>>> print(open('run_18.cif').read())   # mmCIF, C-alpha atoms
data_data
#
loop_
_atom_site.label_atom_id
_atom_site.label_comp_id
_atom_site.auth_asym_id
_atom_site.auth_seq_id
_atom_site.Cartn_x
_atom_site.Cartn_y
_atom_site.Cartn_z
CA MET A 4 -19.86 19.06 0.56
CA LYS A 5 -20.94 16.35 -1.81
CA PRO A 6 -18.72 13.26 -1.73
CA MET A 7 -17.79 13.75 -5.37
CA THR A 8 -16.69 17.36 -4.84
CA LYS A 9 -14.64 16.23 -1.88
CA ASN A 10 -13.04 13.48 -3.94
CA GLY A 11 -12.31 15.92 -6.74
CA LEU A 12 -10.40 18.15 -4.35
CA LEU A 13 -8.53 15.16 -2.92
CA LEU A 14 -7.60 14.05 -6.42
CA ILE A 15 -6.02 17.45 -7.08
CA ILE A 16 -3.81 17.01 -3.99
CA VAL A 17 -2.69 13.60 -5.26
CA ALA A 18 -1.91 15.03 -8.69
CA VAL A 19 0.17 17.83 -7.13
CA LEU A 20 2.06 15.31 -4.98
CA ALA A 21 2.81 13.19 -8.03
CA PHE A 22 3.83 15.95 -10.43
CA ALA A 23 5.48 18.52 -8.14
CA PRO A 24 8.73 16.49 -7.91
CA LEU A 25 9.12 16.75 -11.67
CA ILE A 26 9.19 20.54 -11.39
CA LEU A 27 11.01 20.81 -8.07
CA THR A 28 13.93 18.58 -9.02
CA ARG A 29 14.39 19.10 -12.72
CA ASP A 30 17.77 17.51 -13.22
CA ALA A 31 16.99 14.34 -11.30
CA GLN A 32 17.13 10.94 -12.97
CA PHE A 33 14.00 9.51 -11.32
CA SER A 34 15.57 6.09 -11.56
CA GLY A 35 14.03 3.18 -9.73
CA ALA A 36 15.00 2.13 -6.26
CA ASP A 37 16.24 -1.25 -7.37
CA ASP A 38 19.43 0.08 -8.97
CA GLN A 39 20.22 2.39 -6.05
CA ALA A 40 19.88 -0.46 -3.60
CA LYS A 41 22.17 -2.62 -5.76
CA GLN A 42 24.84 0.06 -5.50
CA ALA A 43 24.40 0.29 -1.75
CA ILE A 44 24.88 -3.46 -1.48
CA SER A 45 28.05 -3.38 -3.55
CA THR A 46 29.57 -0.75 -1.22
CA LEU A 47 28.52 -2.62 1.92
CA ASN A 48 29.59 -6.01 0.65
CA PRO A 49 31.65 -5.81 -2.56
CA ASN A 50 31.90 -9.60 -2.77
CA TYR A 51 28.20 -10.22 -2.91
CA VAL A 52 27.02 -11.93 -6.07
CA PRO A 53 23.27 -12.34 -6.66
CA TRP A 54 22.70 -16.08 -6.53
CA PHE A 55 19.49 -16.16 -8.52
CA LYS A 56 18.32 -14.51 -11.71
CA PRO A 57 14.74 -13.77 -12.76
CA PHE A 58 13.32 -16.52 -14.98
CA TRP A 59 12.25 -13.98 -17.54
CA LYS A 60 12.95 -10.31 -18.04
CA PRO A 61 11.00 -7.91 -20.24
CA PRO A 62 13.25 -7.65 -23.30
CA SER A 63 13.10 -3.86 -23.46
CA ALA A 64 11.99 -0.81 -21.51
CA GLU A 65 9.04 -0.48 -23.89
CA VAL A 66 7.81 -3.99 -23.19
CA GLU A 67 8.26 -3.41 -19.49
CA SER A 68 6.24 -0.20 -19.51
CA PHE A 69 3.59 -1.98 -21.58
CA LEU A 70 3.29 -4.65 -18.91
CA PHE A 71 3.12 -2.08 -16.12
CA ALA A 72 0.45 -0.16 -18.01
CA LEU A 73 -1.45 -3.39 -18.56
CA GLN A 74 -1.32 -4.13 -14.84
CA ALA A 75 -2.66 -0.69 -14.01
CA ALA A 76 -5.35 -0.95 -16.68
CA ILE A 77 -6.61 -4.33 -15.49
CA GLY A 78 -6.62 -3.16 -11.89
CA SER A 79 -8.35 0.17 -12.45
CA GLY A 80 -10.76 -1.49 -14.87
CA PHE A 81 -12.01 -3.74 -12.12
CA VAL A 82 -11.99 -1.04 -9.42
CA PHE A 83 -14.16 1.28 -11.49
CA TYR A 84 -16.36 -1.57 -12.73
CA TYR A 85 -17.17 -2.28 -9.10
CA LEU A 86 -17.72 1.37 -8.19
CA GLY A 87 -20.03 1.84 -11.19
CA TYR A 88 -21.85 -1.39 -10.37
CA SER A 89 -22.51 -0.33 -6.79
CA LYS A 90 -23.59 3.15 -7.87
CA GLY A 91 -26.09 1.59 -10.28
CA LYS A 92 -27.32 -0.84 -7.65
CA HIS A 93 -27.65 1.99 -5.16
CA SER A 94 -29.75 4.24 -7.41
CA ALA A 95 -31.90 1.29 -8.52
CA SER A 96 -32.75 0.47 -4.93
CA GLN A 97 -33.48 4.15 -4.25
CA LYS A 98 -36.01 4.11 -7.11
CA ASP A 99 -37.73 0.97 -5.80
CA GLN A 100 -38.31 2.41 -2.36
CA PRO A 101 -38.87 6.13 -2.62
CA MET B 27 -15.20 15.68 20.80
CA THR B 28 -13.74 15.89 24.27
CA LEU B 29 -10.48 17.64 25.01
CA ARG B 30 -8.89 14.32 25.86
CA LYS B 31 -9.74 12.86 22.50
CA ILE B 32 -8.32 15.87 20.71
CA LYS B 33 -5.17 15.55 22.79
CA ARG B 34 -4.78 11.90 21.83
CA ILE B 35 -5.34 12.55 18.16
CA SER B 36 -2.85 15.41 18.09
CA LEU B 37 -0.36 13.16 19.85
CA LEU B 38 -0.79 10.62 17.07
CA ILE B 39 -0.34 13.25 14.39
CA GLY B 40 2.71 14.58 16.20
CA TYR B 41 4.16 11.08 16.19
CA ALA B 42 3.49 10.76 12.47
CA ILE B 43 5.26 14.05 11.78
CA PHE B 44 8.18 13.01 13.98
CA VAL B 45 8.57 9.77 12.04
CA THR B 46 8.41 11.74 8.81
CA ILE B 47 11.14 14.18 9.80
CA PHE B 48 13.31 11.49 11.34
CA PHE B 49 13.93 9.78 8.03
CA PRO B 50 17.11 11.03 6.33
CA ASN B 51 17.10 12.32 2.77
CA ASN B 52 18.20 10.98 -0.50
CA ALA B 53 16.35 7.79 -0.92
CA TYR B 54 14.87 5.26 -3.25
CA ALA B 55 12.26 2.67 -2.55
CA MET B 56 10.94 -0.52 -3.98
CA HIS B 57 10.86 -4.25 -3.40
CA ILE B 58 13.98 -6.34 -2.90
CA MET B 59 15.38 -7.54 -6.20
CA GLU B 60 15.65 -11.18 -7.28
CA GLY B 61 18.72 -12.89 -5.84
CA PHE B 62 19.68 -9.93 -3.69
CA LEU B 63 18.98 -11.58 -0.37
CA PRO B 64 21.47 -14.24 0.79
CA TYR B 65 19.75 -17.62 0.59
CA ASN B 66 19.51 -18.15 4.36
CA TRP B 67 17.60 -14.88 4.73
CA ALA B 68 15.46 -15.63 1.71
CA ALA B 69 14.51 -18.97 3.29
CA PHE B 70 13.90 -17.32 6.67
CA TRP B 71 11.40 -14.81 5.27
CA TRP B 72 9.69 -17.51 3.23
CA MET B 73 9.13 -19.53 6.40
CA ALA B 74 7.99 -16.43 8.29
CA MET B 75 5.45 -15.72 5.54
CA ILE B 76 3.78 -19.15 5.37
CA PRO B 77 1.69 -19.10 8.59
CA PHE B 78 0.24 -15.70 7.62
CA VAL B 79 -0.63 -16.97 4.15
CA ILE B 80 -2.45 -19.95 5.66
CA ALA B 81 -4.33 -17.68 8.07
CA GLY B 82 -5.14 -15.39 5.15
CA VAL B 83 -6.56 -18.15 2.96
CA ARG B 84 -8.72 -19.25 5.90
CA SER B 85 -9.91 -15.72 6.57
CA ILE B 86 -10.82 -15.18 2.91
CA LYS B 87 -12.65 -18.54 2.76
CA LYS B 88 -14.60 -17.59 5.86
CA THR B 89 -15.60 -14.19 4.50
CA VAL B 90 -16.62 -15.61 1.15
CA THR B 91 -18.70 -18.49 2.55
CA LEU B 92 -20.42 -16.29 5.13
CA HIS B 93 -21.15 -13.45 2.73
CA PRO B 94 -20.92 -14.51 -0.93
CA SER B 95 -22.11 -11.04 -1.90
CA LEU B 96 -18.76 -9.65 -0.77
CA LYS B 97 -16.73 -11.51 -3.41
CA MET B 98 -16.82 -8.55 -5.75
CA LEU B 99 -15.68 -6.14 -3.07
CA LEU B 100 -12.82 -8.49 -2.22
CA GLY B 101 -11.83 -8.54 -5.88
CA MET B 102 -11.96 -4.77 -5.91
CA ALA B 103 -9.62 -4.56 -2.89
CA GLY B 104 -7.17 -6.81 -4.72
CA ALA B 105 -7.51 -4.79 -7.91
CA PHE B 106 -6.79 -1.59 -5.97
CA ALA B 107 -3.50 -3.06 -4.75
CA PHE B 108 -2.82 -4.20 -8.33
CA VAL B 109 -3.20 -0.69 -9.79
CA LEU B 110 -1.25 1.11 -7.09
CA SER B 111 1.69 -1.32 -7.29
CA ALA B 112 1.93 -0.65 -11.00
CA LEU B 113 2.17 3.13 -10.63
CA LYS B 114 5.78 4.18 -10.31
CA ILE B 115 5.51 7.76 -9.17
CA PRO B 116 8.34 10.31 -9.04
CA SER B 117 9.23 11.62 -5.60
CA VAL B 118 10.94 14.72 -4.21
CA THR B 119 14.18 12.79 -3.74
CA GLY B 120 14.63 12.56 -7.49
CA SER B 121 13.85 8.89 -7.75
CA SER B 122 10.68 6.88 -8.20
CA SER B 123 8.78 4.30 -6.26
CA HIS B 124 5.30 2.88 -6.07
CA PRO B 125 2.64 2.63 -3.35
CA THR B 126 1.37 -0.74 -2.15
CA GLY B 127 -2.40 -0.26 -2.05
CA VAL B 128 -3.01 -2.87 0.64
CA GLY B 129 -4.43 -0.42 3.21
CA LEU B 130 -7.90 -0.38 1.66
CA GLY B 131 -8.31 -4.15 1.73
CA THR B 132 -6.95 -4.29 5.27
CA ILE B 133 -9.59 -1.84 6.50
CA LEU B 134 -12.32 -3.84 4.74
CA PHE B 135 -11.22 -7.47 5.18
CA GLY B 136 -8.52 -7.52 7.84
CA PRO B 137 -4.74 -7.87 7.58
CA THR B 138 -4.26 -11.55 6.71
CA ALA B 139 -6.61 -11.37 3.72
CA MET B 140 -4.23 -8.79 2.27
CA THR B 141 -1.25 -11.06 2.88
CA VAL B 142 -2.72 -13.37 0.25
CA LEU B 143 -3.76 -10.63 -2.18
CA GLY B 144 -0.44 -8.81 -1.74
CA MET B 145 1.45 -12.03 -2.42
CA ILE B 146 -0.50 -12.57 -5.64
CA VAL B 147 0.41 -9.08 -6.83
CA LEU B 148 4.06 -9.71 -5.95
CA ILE B 149 4.11 -13.06 -7.80
CA PHE B 150 2.68 -11.38 -10.89
CA GLN B 151 5.33 -8.66 -10.77
CA ALA B 152 8.15 -11.12 -10.08
CA LEU B 153 7.30 -13.47 -12.94
CA LEU B 154 6.15 -11.05 -15.63
CA LEU B 155 7.97 -7.84 -14.83
CA ALA B 156 11.21 -9.04 -13.18
CA HIS B 157 10.28 -6.63 -10.40
CA GLY B 158 10.96 -8.08 -6.97
CA GLY B 159 11.62 -11.81 -7.21
CA ILE B 160 10.64 -15.36 -6.35
CA THR B 161 13.56 -15.90 -3.98
CA THR B 162 12.77 -12.59 -2.28
CA LEU B 163 9.01 -13.19 -2.37
CA GLY B 164 8.99 -14.17 1.29
CA ALA B 165 10.71 -10.98 2.39
CA ASN B 166 8.62 -8.76 0.11
CA THR B 167 5.37 -10.42 1.17
CA PHE B 168 6.42 -10.01 4.78
CA SER B 169 6.89 -6.25 4.35
CA MET B 170 4.01 -5.48 1.97
CA GLY B 171 1.51 -8.18 2.96
CA ILE B 172 2.14 -8.63 6.67
CA VAL B 173 3.85 -5.67 8.38
CA GLY B 174 2.06 -3.02 6.28
CA PRO B 175 -1.45 -4.45 6.75
CA PHE B 176 -0.96 -5.16 10.46
CA VAL B 177 0.28 -1.61 11.07
CA SER B 178 -2.70 -0.30 9.07
CA TYR B 179 -5.12 -2.51 10.95
CA GLY B 180 -3.76 -1.54 14.37
CA LEU B 181 -3.81 2.15 13.54
CA TYR B 182 -7.30 1.95 12.06
CA LYS B 183 -8.76 0.15 15.05
CA GLY B 184 -6.79 2.31 17.51
CA THR B 185 -7.78 5.67 16.06
CA LYS B 186 -11.39 4.50 15.70
CA LYS B 187 -11.43 3.57 19.37
CA ILE B 188 -10.31 7.01 20.50
CA GLY B 189 -12.98 8.55 18.29
CA ALA B 190 -11.08 9.91 15.31
CA PRO B 191 -13.25 10.72 12.29
CA LEU B 192 -13.47 7.98 9.65
CA TRP B 193 -11.41 9.82 7.03
CA LEU B 194 -8.56 10.43 9.49
CA SER B 195 -8.42 6.79 10.60
CA VAL B 196 -8.42 5.61 7.01
CA PHE B 197 -5.79 8.14 5.99
CA LEU B 198 -3.40 7.37 8.85
CA ALA B 199 -3.85 3.63 8.45
CA ALA B 200 -3.13 3.59 4.73
CA THR B 201 -0.31 6.15 4.82
CA LEU B 202 1.68 4.73 7.72
CA GLY B 203 1.05 1.14 6.61
CA ASP B 204 2.63 2.03 3.27
CA LEU B 205 5.57 3.75 4.96
CA MET B 206 6.19 0.90 7.39
CA THR B 207 6.31 -1.54 4.47
CA TYR B 208 9.41 0.19 3.20
CA VAL B 209 10.92 0.63 6.67
CA THR B 210 10.61 -3.14 6.96
CA THR B 211 12.32 -3.57 3.58
CA ALA B 212 15.20 -1.45 4.87
CA LEU B 213 15.44 -3.54 8.03
CA GLN B 214 15.44 -6.77 6.02
CA MET B 215 18.31 -5.47 3.88
CA GLY B 216 20.16 -4.21 6.95
CA LEU B 217 19.90 -7.63 8.58
CA ALA B 218 21.13 -9.33 5.43
CA PHE B 219 24.07 -6.96 4.82
CA PRO B 220 25.30 -5.99 8.29
CA SER B 221 28.90 -5.27 7.26
CA ALA B 222 28.65 -1.80 8.81
CA GLY B 223 26.67 -3.15 11.77
CA VAL B 224 22.99 -4.03 11.57
CA VAL B 225 21.87 -0.59 12.77
CA ALA B 226 24.15 1.39 10.47
CA SER B 227 23.26 -0.79 7.48
CA THR B 228 19.58 -0.54 8.24
CA LEU B 229 19.85 3.25 8.44
CA LYS B 230 21.66 3.31 5.12
CA PHE B 231 18.95 1.24 3.47
CA MET B 232 16.29 3.25 5.30
CA SER B 233 17.73 6.34 3.64
CA ILE B 234 17.30 4.47 0.36
CA PHE B 235 13.95 2.87 1.03
CA ALA B 236 11.87 5.26 3.13
CA PHE B 237 12.21 8.95 2.36
CA THR B 238 11.14 8.61 -1.26
CA GLN B 239 8.11 6.79 -0.02
CA ILE B 240 6.72 9.62 2.13
CA PRO B 241 4.87 11.62 -0.56
CA LEU B 242 3.72 8.37 -2.16
CA ALA B 243 2.45 7.12 1.17
CA ILE B 244 0.45 10.32 1.57
CA SER B 245 -0.93 9.86 -1.95
CA GLU B 246 -1.94 6.32 -1.11
CA GLY B 247 -3.65 7.56 2.07
CA ILE B 248 -5.66 10.13 0.11
CA LEU B 249 -6.62 7.66 -2.64
CA THR B 250 -7.79 5.18 -0.01
CA VAL B 251 -9.92 7.87 1.65
CA MET B 252 -11.45 8.63 -1.77
CA VAL B 253 -12.45 5.01 -2.36
CA ILE B 254 -13.88 4.73 1.16
CA ASN B 255 -15.87 7.93 0.50
CA VAL B 256 -17.42 6.41 -2.61
CA LEU B 257 -18.05 3.08 -0.90
CA SER B 258 -19.76 4.72 2.05
CA SER B 259 -22.10 6.47 -0.38
CA TYR B 260 -22.99 3.52 -2.57
CA SER B 261 -22.00 0.30 -0.81
CA LEU B 262 -23.14 1.10 2.69
CA LYS B 263 -24.69 -2.33 3.11
CA GLU B 264 -21.45 -4.16 2.35
CA LEU B 265 -19.50 -1.92 4.71
CA GLN B 266 -22.03 -2.58 7.44
CA ILE B 267 -21.69 -6.34 6.96
CA LEU B 268 -17.94 -5.93 7.37
CA SER B 269 -18.57 -3.58 10.33
CA VAL B 270 -16.15 -1.05 8.91
CA PHE B 271 -18.01 1.54 10.91
CA THR B 272 -18.62 0.61 14.50
CA GLY B 273 -21.89 1.55 16.12
CA LYS B 274 -22.51 5.26 16.16
CA GLU B 275 -19.85 5.94 13.56
CA LEU B 276 -22.40 5.35 10.77
CA PRO B 277 -21.84 8.47 8.73
CA THR B 278 -25.33 9.71 8.07
CA SER B 279 -23.79 12.89 6.71
CA LYS B 280 -22.06 10.84 4.03
CA ARG B 281 -25.34 9.43 2.83
CA GLY B 282 -26.34 12.87 1.61
CA VAL B 283 -25.71 11.98 -2.02
CA LYS B 284 -28.14 13.76 -4.26
CA GLU B 285 -30.05 11.37 -6.45
#
>>> encode(input="run_18.cif", output="structure tokens")
Amino acid sequence: MKPMTKNGLLLIIVAVLAFAPLILTRDAQFSGADDQAKQAISTLNPNYVPWFKPFWKPPSAEVESFLFALQAAIGSGFVFYYLGYSKGKHSASQKDQP
Amino acid sequence: MTLRKIKRISLLIGYAIFVTIFFPNNAYAMHIMEGFLPYNWAAFWWMAMIPFVIAGVRSIKKTVTLHPSLKMLLGMAGAFAFVLSALKIPSVTGSSSHPTGVGLGTILFGPTAMTVLGMIVLIFQALLLAHGGITTLGANTFSMGIVGPFVSYGLYKGTKKIGAPLWLSVFLAATLGDLMTYVTTALQMGLAFPSAGVVASTLKFMSIFAFTQIPLAISEGILTVMVINVLSSYSLKELQILSVFTGKELPTSKRGVKE
């Protein structure tokens, strides 16, 4: 199998793993871990008060998701830049020495 | 492959499945929030982190001075961790979490290099996204940048030694490294809030921090295998410099990319 076909099949598995929960557990909240852990702490130790606050918080959920998307975009931008660069380099060197 | 090798590999897989089933349900996973570790524990994990960061900076400096051509690949390994930490993916438990993405860099550059890169990702998220925190940076770096990568590295080298195929070594290393990161998080929380006993508390947090992570860890394992597939087609030279494949493992079959 060509590497790209193999990767295509693998990508399908990842997509199923990521989207299946949405169908399997329809009424779930899909909230983040952070809040759940906060609740667990308050049952284990009701007197605990966080002693430090973040310097800055994204003012809204929209801004937060923008920043997360930006992080993913910058990261994947560089990953695929590198993969494209090495593919180009690879085929150029194949042409030089047939 | 000899029978003995097959036996060893199946033992490893059996162990992985056992670990998977052992984790109780109903869970949520992510980094420890700002201010949610008592200050003595926060300080403890900070101190525990520092020697690894120093070793990591040294290891990166060494790689970069010896092979300047690998700078780009190093950047790519960091960028991979950057993307995967930004992807909050829903899980079967009805909550969401994100992978860590440090397995790839560990396989390429060794565990301590990823301590540094993982810490950079965590600082970015703590300062700009209020995700994780500066006071909990030590603990989060310890789980994501130290325990995860070292588990990945050990598994990768171990499975390679007993002759597992490249994809399997990469998959197990990345998947279980990711999972162990969150097991460590649970242990750190259990140690900090032992009101029900350290073990009971740890198990409670493990139920929060590990089960959600299982499908995501598998996703991370598969994505890491995909990147390694591409790299072994197009960046064979770089991988050879890093001796990602040892000796006979050079996958000639994977070179069969049609031009």
>>> interface_residues(input="run_18.cif", of="chain B", to="chain A", cutoff="7 Å", atoms="all atoms listed in the file", output="PyMOL selection string")
chain B and resi 54-56+59-62+102+105-106+108-109+112+115-118+120-123+153+155-156+159+219+221-222+234+241+245+248+252+255+260-261+283
>>> resolve_selection(input="run_18.cif", expression="the PyMOL selection byres ((chain B and resi 192) around 9)", output="PDB file with C-alpha atoms, in the coordinates of the input")
ATOM      1  CA  TYR B 182      -7.300   1.950  12.060  1.00  0.00           C
ATOM      2  CA  THR B 185      -7.780   5.670  16.060  1.00  0.00           C
ATOM      3  CA  LYS B 186     -11.390   4.500  15.700  1.00  0.00           C
ATOM      4  CA  GLY B 189     -12.980   8.550  18.290  1.00  0.00           C
ATOM      5  CA  ALA B 190     -11.080   9.910  15.310  1.00  0.00           C
ATOM      6  CA  PRO B 191     -13.250  10.720  12.290  1.00  0.00           C
ATOM      7  CA  TRP B 193     -11.410   9.820   7.030  1.00  0.00           C
ATOM      8  CA  LEU B 194      -8.560  10.430   9.490  1.00  0.00           C
ATOM      9  CA  SER B 195      -8.420   6.790  10.600  1.00  0.00           C
ATOM     10  CA  VAL B 196      -8.420   5.610   7.010  1.00  0.00           C
ATOM     11  CA  PHE B 197      -5.790   8.140   5.990  1.00  0.00           C
ATOM     12  CA  VAL B 251      -9.920   7.870   1.650  1.00  0.00           C
ATOM     13  CA  PHE B 271     -18.010   1.540  10.910  1.00  0.00           C
ATOM     14  CA  GLU B 275     -19.850   5.940  13.560  1.00  0.00           C
ATOM     15  CA  PRO B 277     -21.840   8.470   8.730  1.00  0.00           C
TER      16      PRO B 277
END
>>> residues_around(input="run_18.cif", residues="Met140 of chain B", least_positions_apart="2", cutoff="9 Å", atoms="only C-alpha atoms", output="number ranges by chain")
B: 82, 103-104, 128-129, 131-132, 135-138, 142-145, 170-172, 175
>>> atom_distance(input="run_18.cif", atom1="atom CA of Leu63 of chain B", atom2="atom CA of Thr161 of chain B")
7.8 Å
>>> residues_around(input="run_18.cif", residues="Leu110 of chain B", least_positions_apart="3", cutoff="6 Å", atoms="only C-alpha atoms", output="list in words")
Ala107, Leu113, Pro125, Thr126 and Gly127 of chain B
>>> write_last_selection(input="run_18.cif", atoms="C-alpha atoms", output="PDB file, in the coordinates of the input")
ATOM      1  CA  ALA B 107      -3.500  -3.060  -4.750  1.00  0.00           C
ATOM      2  CA  LEU B 113       2.170   3.130 -10.630  1.00  0.00           C
ATOM      3  CA  PRO B 125       2.640   2.630  -3.350  1.00  0.00           C
ATOM      4  CA  THR B 126       1.370  -0.740  -2.150  1.00  0.00           C
ATOM      5  CA  GLY B 127      -2.400  -0.260  -2.050  1.00  0.00           C
TER       6      GLY B 127
END
>>> atom_distance(input="run_18.cif", atom1="atom CA of Arg30 of chain B", atom2="atom CA of Leu181 of chain B")
18.0 Å
>>> build_atoms(input="run_18.cif", residues="segment 19-45 of chain A", atoms="N, CA and C atoms", output="mmCIF file, in the frame of the given file")
data_model
loop_
_atom_site.group_PDB
_atom_site.id
_atom_site.type_symbol
_atom_site.label_atom_id
_atom_site.label_comp_id
_atom_site.auth_asym_id
_atom_site.auth_seq_id
_atom_site.Cartn_x
_atom_site.Cartn_y
_atom_site.Cartn_z
ATOM 1 N N VAL A 19 -0.923 16.912 -7.479
ATOM 2 C CA VAL A 19 0.170 17.830 -7.130
ATOM 3 C C VAL A 19 1.328 17.046 -6.528
ATOM 4 N N LEU A 20 1.012 16.112 -5.603
ATOM 5 C CA LEU A 20 2.060 15.310 -4.980
ATOM 6 C C LEU A 20 2.839 14.504 -6.012
ATOM 7 N N ALA A 21 2.145 14.039 -7.046
ATOM 8 C CA ALA A 21 2.810 13.190 -8.030
ATOM 9 C C ALA A 21 3.632 14.016 -9.021
ATOM 10 N N PHE A 22 3.150 15.220 -9.359
ATOM 11 C CA PHE A 22 3.830 15.950 -10.430
ATOM 12 C C PHE A 22 4.784 17.028 -9.925
ATOM 13 N N ALA A 23 4.598 17.477 -8.680
ATOM 14 C CA ALA A 23 5.480 18.520 -8.140
ATOM 15 C C ALA A 23 6.954 18.123 -8.194
ATOM 16 N N PRO A 24 7.303 16.858 -7.855
ATOM 17 C CA PRO A 24 8.730 16.490 -7.910
ATOM 18 C C PRO A 24 9.362 16.722 -9.273
ATOM 19 N N LEU A 25 8.568 16.566 -10.329
ATOM 20 C CA LEU A 25 9.120 16.750 -11.670
ATOM 21 C C LEU A 25 9.569 18.189 -11.875
ATOM 22 N N ILE A 26 8.848 19.123 -11.249
ATOM 23 C CA ILE A 26 9.190 20.540 -11.390
ATOM 24 C C ILE A 26 10.252 20.935 -10.376
ATOM 25 N N LEU A 27 10.101 20.412 -9.150
ATOM 26 C CA LEU A 27 11.010 20.810 -8.070
ATOM 27 C C LEU A 27 12.439 20.337 -8.325
ATOM 28 N N THR A 28 12.589 19.113 -8.787
ATOM 29 C CA THR A 28 13.930 18.580 -9.020
ATOM 30 C C THR A 28 14.048 18.222 -10.493
ATOM 31 N N ARG A 29 14.400 19.238 -11.272
ATOM 32 C CA ARG A 29 14.390 19.100 -12.720
ATOM 33 C C ARG A 29 15.472 18.173 -13.247
ATOM 34 N N ASP A 30 16.657 18.251 -12.636
ATOM 35 C CA ASP A 30 17.770 17.510 -13.220
ATOM 36 C C ASP A 30 17.894 16.095 -12.647
ATOM 37 N N ALA A 31 16.894 15.665 -11.904
ATOM 38 C CA ALA A 31 16.990 14.340 -11.300
ATOM 39 C C ALA A 31 16.751 13.256 -12.355
ATOM 40 N N GLN A 32 17.247 12.057 -12.028
ATOM 41 C CA GLN A 32 17.130 10.940 -12.970
ATOM 42 C C GLN A 32 15.797 10.217 -12.827
ATOM 43 N N PHE A 33 15.220 10.254 -11.636
ATOM 44 C CA PHE A 33 14.000 9.510 -11.320
ATOM 45 C C PHE A 33 14.157 8.032 -11.631
ATOM 46 N N SER A 34 15.352 7.519 -11.335
ATOM 47 C CA SER A 34 15.570 6.090 -11.560
ATOM 48 C C SER A 34 14.880 5.295 -10.463
ATOM 49 N N GLY A 35 14.714 4.026 -10.710
ATOM 50 C CA GLY A 35 14.030 3.180 -9.730
ATOM 51 C C GLY A 35 14.923 2.879 -8.540
ATOM 52 N N ALA A 36 14.285 2.437 -7.488
ATOM 53 C CA ALA A 36 15.000 2.130 -6.260
ATOM 54 C C ALA A 36 15.940 0.952 -6.444
ATOM 55 N N ASP A 37 15.524 0.019 -7.269
ATOM 56 C CA ASP A 37 16.240 -1.250 -7.370
ATOM 57 C C ASP A 37 17.730 -1.012 -7.611
ATOM 58 N N ASP A 38 18.035 -0.139 -8.601
ATOM 59 C CA ASP A 38 19.430 0.080 -8.970
ATOM 60 C C ASP A 38 20.193 0.740 -7.837
ATOM 61 N N GLN A 39 19.546 1.695 -7.153
ATOM 62 C CA GLN A 39 20.220 2.390 -6.050
ATOM 63 C C GLN A 39 20.557 1.406 -4.943
ATOM 64 N N ALA A 40 19.631 0.504 -4.654
ATOM 65 C CA ALA A 40 19.880 -0.460 -3.600
ATOM 66 C C ALA A 40 21.002 -1.408 -3.994
ATOM 67 N N LYS A 41 21.078 -1.761 -5.288
ATOM 68 C CA LYS A 41 22.170 -2.620 -5.760
ATOM 69 C C LYS A 41 23.502 -1.963 -5.495
ATOM 70 N N GLN A 42 23.591 -0.656 -5.762
ATOM 71 C CA GLN A 42 24.840 0.060 -5.500
ATOM 72 C C GLN A 42 25.174 0.056 -4.026
ATOM 73 N N ALA A 43 24.163 0.275 -3.200
ATOM 74 C CA ALA A 43 24.400 0.290 -1.750
ATOM 75 C C ALA A 43 24.943 -1.049 -1.294
ATOM 76 N N ILE A 44 24.404 -2.137 -1.871
ATOM 77 C CA ILE A 44 24.880 -3.460 -1.480
ATOM 78 C C ILE A 44 26.329 -3.635 -1.902
ATOM 79 N N SER A 45 26.672 -3.161 -3.094
ATOM 80 C CA SER A 45 28.050 -3.380 -3.550
ATOM 81 C C SER A 45 29.048 -2.555 -2.740
#
